[in-house]
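> The structure follows.
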Amino acid sequence: QVLQGACFDVSGSKGPGIVATDGRHLLSAKSMRFPRLKESIILPAHKVYHSHLLGQAVSWQLRVSTGKAGQHVYRIDGPSWSLSGRLIEGSFPNYRQVVPADSKFKTRATLPAAALEPLVKAIGRMPGGKTQNRPVGLRIDSDSIGILAREEEAMSYEEVRVPLTGMKGRETTVFLNRDYLVKALRFGMNRIEIIDEVSPVRCVGANEFMIVMPIRHSGEV
């Protein structure tokens, strides 16, 4: 239950941030501020978070209090709706220990912001969408990044190439679950940072980052 929830973490030096993970990828966002939140809390997963109402809301408020039974409760208010419930009791895992230090990343590739949405659409049309873990490869060269995908292991890869606005480090290739990559691109994360082919990959945006575990692209997945 804790892993399925979202942690509003106040322990960081830059103030409260939102952290969520499913054990395969992890998102840390500092784009929303809650200056009056004094203790970290964990909100439970809820289907209503996917509602268009939250996306359309100009502003909303989060309230936290202790209920009559001593349980910690929350309430989120929007312009025309509200959601309330119990907070998850317990401690969120120490997610910082799975976030590699900056010095470990050997390759950093930056995509132009204008290319993110077309790239999301291109990935959606690439083969291999029904295979296990839905893999795509990231082949980073000195001036461009190639997205690799194939329908079956015996087939050759199809590749979509996108020019980079910046690249530092060595040329490399790593494979990820395409759903996690697409999620990062839709959040506006246009910098891909890689250690090696088997270590966590970091996707970085203006106020957030996502850590994604790589997958094997041949043999047993």
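Chains: A, B, ... in order of the structure tokens. Residues: from 1 per chain. Ligands: from 1, in order shown.
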From chain A, collect each residue whose DSSP state is strand (DSSP E) and return the set as a VMD selection string.
chain A and resid 6 to 9 17 to 21 25 to 29 41 to 43 61 to 66 72 to 77 82 to 86 107 to 110 135 to 140 144 to 149 158 to 163 166 to 169 172 to 177 191 to 194 201 to 204 208 to 212
> Name all residues at most 12 Å from Lys183 in chain A (count only C-alpha atoms; drop same-chain ones fewer than 4 positions away) and give them as a PDB file with C-alpha atoms, in the first residue's frame.

```pdb
ATOM      1  CA  HIS A  25      10.534   3.385 -11.967  1.00  0.00           C
ATOM      2  CA  LEU A  26      10.518   6.327  -9.585  1.00  0.00           C
ATOM      3  CA  LEU A  27       9.387   9.926 -10.032  1.00  0.00           C
ATOM      4  CA  LEU A 116       9.216  15.389 -27.380  1.00  0.00           C
ATOM      5  CA  GLU A 117       5.602  15.153 -28.562  1.00  0.00           C
ATOM      6  CA  LEU A 119       8.798  11.357 -30.477  1.00  0.00           C
ATOM      7  CA  VAL A 120       5.991  10.099 -28.210  1.00  0.00           C
ATOM      8  CA  ILE A 123       7.221   5.410 -30.262  1.00  0.00           C
ATOM      9  CA  GLY A 124       3.509   4.585 -30.256  1.00  0.00           C
ATOM     10  CA  LEU A 176      13.892   0.611 -21.340  1.00  0.00           C
ATOM     11  CA  ASN A 177      10.212  -0.161 -21.057  1.00  0.00           C
ATOM     12  CA  ARG A 178       8.647   2.188 -23.614  1.00  0.00           C
ATOM     13  CA  ASP A 179       5.760   3.123 -21.291  1.00  0.00           C
ATOM     14  CA  PHE A 187       6.366  15.210 -18.364  1.00  0.00           C
ATOM     15  CA  GLY A 188       8.803  17.309 -20.411  1.00  0.00           C
ATOM     16  CA  MET A 189      11.931  15.450 -19.327  1.00  0.00           C
ATOM     17  CA  ASN A 190      14.251  16.025 -22.270  1.00  0.00           C
ATOM     18  CA  CYS A 203      15.334  11.285 -17.192  1.00  0.00           C
ATOM     19  CA  VAL A 204      15.515  14.936 -16.129  1.00  0.00           C
ATOM     20  CA  GLY A 205      13.125  17.870 -16.571  1.00  0.00           C
ATOM     21  CA  PHE A 209      13.376  13.561 -12.600  1.00  0.00           C
ATOM     22  CA  MET A 210      12.516   9.912 -13.152  1.00  0.00           C
ATOM     23  CA  ILE A 211      14.686   6.898 -12.407  1.00  0.00           C
ATOM     24  CA  VAL A 212      13.981   3.911 -14.686  1.00  0.00           C
TER      25      VAL A 212
END
```
> Please list as a list of chain:residue names every residue within 10 Å of Arg134 in chain A, counting only C-alpha atoms and excluding residues in the same chain fewer than 5 positions away.
A:Pro127, A:Gly128, A:Gly129, A:Ala149, A:Arg150, A:Glu151, A:Phe175, A:Leu176, A:Asn177, A:Arg178, A:Asp179, A:Tyr180, A:Ile215, A:His217
> Show which residues sit within 12 Å of Leu3 in chain A, as a PyMOL selection string. Count only C-alpha atoms, and ignore same-chain residues fewer than 3 positions away.
chain A and resi 6-7+19-26+42-45+88-95
> What is the distance between CA of Ser31 in chain A and CA of Pro214 in chain A, in Å to one decimal?
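Rounded to one decimal, the two atoms are 25.8 Å apart.
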> Residues near Val58 in chain A, anyone? I mean within 8 Å using only C-alpha atoms, not counting same-chain ones fewer than 2 positions away, as a PyMOL selection string.
chain A and resi 56+60+79
> Run DSSP on the backbone of this structure and report the residues of range 78-137 of chain A it assigns to helix (DSSP H, G or I), as a PyMOL selection string.
chain A and resi 95-98+102-104+113-125
> Skip Arg96 in chain A itself and residues of its chain fewer than 4 positions away, then list as a list in words all residues within 10 Å of it, counting only C-alpha atoms.
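Residues near the query, excluding close chain neighbours: Ser28, Pro100 and Ala101 of chain A.
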> Using only C-alpha atoms, can you tell me which of A:Pro163, A:Gly70, A:Pro35, A:Pro118 comes closest to Arg139 in chain A?
A:Pro163
> Identify which of the residues A:His72, A:Lys130, A:Arg186, A:Arg170 lies closest to Thr107 in chain A, counting only C-alpha atoms when measuring atom-to-atom distances.
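Checking each candidate against Thr107 in chain A, we get A:Arg170 as the closest.
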> Might you pull out every residue within 12 Å of Gly146 in chain A, with only C-alpha atoms counted and same-chain residues fewer than 6 positions away left off, and present them as a list of chain:residue names?
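Neighbouring residues, sequence-local ones excluded: A:Ala109, A:Leu111, A:Leu119, A:Ala122, A:Ile123, A:Val136, A:Gly137, A:Leu138, A:Arg139, A:Ile140, A:Tyr157, A:Glu158, A:Glu159, A:Val160, A:Arg161, A:Val162, A:Pro163, A:Leu164, A:Glu171, A:Thr172, A:Thr173, A:Val174, A:Phe175.
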> Would you mind telling me which residue in A:Leu53, A:Met126, A:Ile18, A:Asp102 lies nearest to Leu148 in chain A when using only C-alpha atoms?
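Looking at the shortest contact to Leu148 in chain A, the residue is A:Met126.
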> Quick one, how far is CA of Ser40 in chain A from CA of Val10 in chain A?
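CA of Val10 in chain A lies 5.3 Å from CA of Ser40 in chain A.
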> Nearest to Ala206 in chain A among A:Arg75, A:Arg191, A:Lys168, A:Arg108, with distances taken over only C-alpha atoms: which residue is it?
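Residue with the minimum atom-to-atom distance to Ala206 in chain A: A:Arg191.
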